[in-house]
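> Right, I'll just put the structure down here and ask away after.
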Amino acid sequence: MVAANLNPNELQKVKGLDKAFKWFAENENSATWISCSIAVFKGIFRPTFTMMDKTQDPETKKYAAIREGLTEVAALPLYAATPYLVGKAVDKFYKGANKKNAKMNGKFLGICAATLIIPAVCNIIQPPIMKAYKRSQDAKKAQMTQPNPPVTPVNKPLQTTFSGRHNYGMKVGG
Amino acid sequence: MSMNVTRVLESEKFAKFAKGAAGAVYVTTAIKAIGRPAFIYADKNSDKETKKYTAGKEFLYQLLCLGLTVGMIPAFRYGGFKMAEKHIKNQPLLKEVAKRIADVSPLKKVGQFEKEFANIDKMSPVAKQSMTLAKGGTEVGSFVGSIIGLTIIAPLISHKILHPIMTAVGLEKKHSPKAATIKPEITPEWDNNKVDVKA
């Protein structure tokens, strides 16, 4: 089937997948979008693959998966916020003639800066969270391995459904 | 100093590079490969062996990611371009452009298209629209290739590739198949000094 030629005199209607092509081509925040998307997908897939690793100890896997998830939780807002703030700074302080380029380049440099800041932020937020997780796991383990409490005799009155008479033999019938 | 910063900010070439998704992926992965191991090694709360292990592993992982993206993104860009190529082929105003792109080998098609796209401001609005849609195809390809490479393939194959390399350079002991059933006496992973910060 031969594709019809486009009309050279009018703009074509953009629909379906072409809308996505148009958006990606004209988007001036591609660096931000790709960095944030990678952070989201990594936050989902990396912990999943870690938990699927059969060669690791289950406790170690759980710990590593939580740590990986936390890393992306820290990364996503940094990748989103840093270029936005740089864009605002360029708007406010840049007085040159080429604002469009300055903004785009500034945002890209913001992404690069965020890439360096993320490990520092992770070093601050991860230790207390992982310590709290470890404490809760240790408490659970301690509870599970606690021996059964010793049985203490309780002075309870004997419950009797029969009268004080001794049972001297089988009672047949009622 | 401020003149140099302004020059960088206003640079047209840098803006073209910064606009694309692929550029951000290459540069951030390269920064991670250098910056993260450096950060880990500079941590004063960790012992030397832990730092060496973690920094070494991080460096190798980011190198793997860089290799994957450099290999995969051009292939996906080509795939995206093929999906959107009809906008150039079927546009009478872009007959010459389509011919020049068709004349080069598949490996060079996207590069040839980028050269043609550099002249987009000289084109009519209709031709510009067709070229923009084709450009969008390459950007979608970059996006999809980065996501698949970095978030699915890299974590999947890193265990298979990194452990033998780490063992070969002496950063890790040979992995025993019974390791999963043996609970370690000391749980170094609980030591937060071995923070694995791959984002």
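Starting from 1 in every chain, residues are counted up; chains themselves are A, B, ... following the order of the structure tokens, and ligands are numbered from 1 as listed.
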Which neighbours of region 12-14 of chain B fall inside 10 Å, counting only C-alpha atoms, when residues of the same chain fewer than 4 positions from it are skipped, and could you give them as a list in words?
Asn98, Lys100, Asn101, Ala102, Met104, Asn105 and Phe108 of chain A; Arg7, Val8, Ala18, Lys19 and Gly23 of chain B
> Which neighbours of Ile88 (chain B) fall inside 7 Å, counting only C-alpha atoms, when residues of the same chain fewer than 3 positions from it are skipped, and could you give them as a ChimeraX atom specification?
/B:85,91,94,98,130-131
> When you count only C-alpha atoms, which of these residues is closest to Glu139 (chain B): A:Leu70, A:Ala97, A:Ala25, A:Met144?
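Among the listed residues, A:Ala25 lies closest to Glu139 (chain B).
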> Looking at A:Leu11, A:Ile124, A:Ala80, A:Ile44, which one is nearest to chain B, with distances taken over only C-alpha atoms?
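Smallest separation from chain B among the options: A:Leu11.
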> As a ChimeraX atom specification, please: every residue in region 20-174 of chain A that a backbone DSSP assignment puts in alpha helix (DSSP H).
/A:20-26,30-51,58-93,99-145
> Skipping near chain neighbours, those fewer than 3 positions away, what residues fall within 10 Å of Thr6 (chain B) using only C-alpha atoms, listed as a tab-separated table (two decimals) with all heavy atoms, in the first residue's frame?

chain	number	residue	atom	x	y	z
A	94	TYR	N	19.33	36.60	34.93
A	94	TYR	CA	19.99	36.69	33.62
A	94	TYR	C	19.46	37.90	32.86
A	94	TYR	O	18.26	38.04	32.64
A	94	TYR	CB	19.75	35.40	32.83
A	94	TYR	CG	20.35	35.44	31.45
A	94	TYR	CD1	21.72	35.28	31.26
A	94	TYR	CD2	19.55	35.62	30.32
A	94	TYR	CE1	22.28	35.30	30.01
A	94	TYR	CE2	20.10	35.65	29.06
A	94	TYR	CZ	21.46	35.49	28.90
A	94	TYR	OH	22.01	35.52	27.64
A	96	GLY	N	20.96	38.88	29.82
A	96	GLY	CA	21.48	38.84	28.46
A	96	GLY	C	20.38	38.70	27.43
A	96	GLY	O	19.18	38.71	27.74
A	98	ASN	N	20.04	36.09	25.18
A	98	ASN	CA	19.70	34.73	24.76
A	98	ASN	C	19.09	33.95	25.92
A	98	ASN	O	19.65	32.96	26.37
A	98	ASN	CB	20.98	34.04	24.26
A	98	ASN	CG	20.65	32.99	23.23
A	98	ASN	OD1	19.53	32.48	23.17
A	98	ASN	ND2	21.64	32.66	22.42
A	102	ALA	N	19.99	30.18	27.64
A	102	ALA	CA	20.50	30.26	29.02
A	102	ALA	C	19.67	29.38	29.95
A	102	ALA	O	20.20	28.67	30.81
A	102	ALA	CB	20.48	31.71	29.51
B	1	MET	N	35.43	35.15	34.98
B	1	MET	CA	34.73	33.90	35.39
B	1	MET	C	33.26	33.99	35.00
B	1	MET	O	32.69	33.06	34.45
B	1	MET	CB	34.91	33.68	36.90
B	1	MET	CG	33.92	32.71	37.50
B	1	MET	SD	34.57	31.06	37.59
B	1	MET	CE	33.33	30.25	38.60
B	2	SER	N	32.65	35.15	35.30
B	2	SER	CA	31.23	35.30	34.99
B	2	SER	C	31.03	35.34	33.48
B	2	SER	O	30.00	34.90	32.96
B	2	SER	CB	30.66	36.55	35.65
B	2	SER	OG	31.31	37.68	35.12
B	3	MET	N	32.07	35.85	32.74
B	3	MET	CA	31.98	35.87	31.27
B	3	MET	C	31.93	34.44	30.74
B	3	MET	O	31.18	34.14	29.82
B	3	MET	CB	33.23	36.57	30.69
B	3	MET	CG	33.15	38.08	30.77
B	3	MET	SD	32.01	38.72	29.52
B	3	MET	CE	32.96	38.52	28.03
B	9	LEU	N	26.29	29.40	29.21
B	9	LEU	CA	24.82	29.44	29.28
B	9	LEU	C	24.20	29.81	27.94
B	9	LEU	O	23.10	29.35	27.62
B	9	LEU	CB	24.38	30.43	30.36
B	9	LEU	CG	24.50	29.98	31.82
B	9	LEU	CD1	24.08	31.09	32.77
B	9	LEU	CD2	23.66	28.75	32.10
B	10	GLU	N	24.88	30.67	27.18
B	10	GLU	CA	24.29	31.15	25.94
B	10	GLU	C	24.66	30.29	24.73
B	10	GLU	O	24.17	30.53	23.64
B	10	GLU	CB	24.74	32.59	25.69
B	10	GLU	CG	24.15	33.59	26.67
B	10	GLU	CD	24.66	35.00	26.46
B	10	GLU	OE1	25.68	35.17	25.76
B	10	GLU	OE2	24.06	35.93	27.01
B	11	SER	N	25.52	29.31	24.93
B	11	SER	CA	26.04	28.52	23.81
B	11	SER	C	24.93	27.79	23.07
B	11	SER	O	24.13	27.06	23.68
B	11	SER	CB	27.08	27.53	24.34
B	11	SER	OG	27.32	26.52	23.40
> Taking 3 positions as the minimum chain separation for residues in the same chain, which residues sit within 6 Å of region 46-63 of chain B when counting only C-alpha atoms? Answer as a PyMOL selection string.
chain B and resi 33+37+40-41+66+171+193
> Find the residues near Ser37 (chain A): any atom within 8 Å, counting only C-alpha atoms, skip ones fewer than 4 places away on the same chain, and give them as a list of chain:residue names.
A:Trp33, A:Phe41, B:Ile147
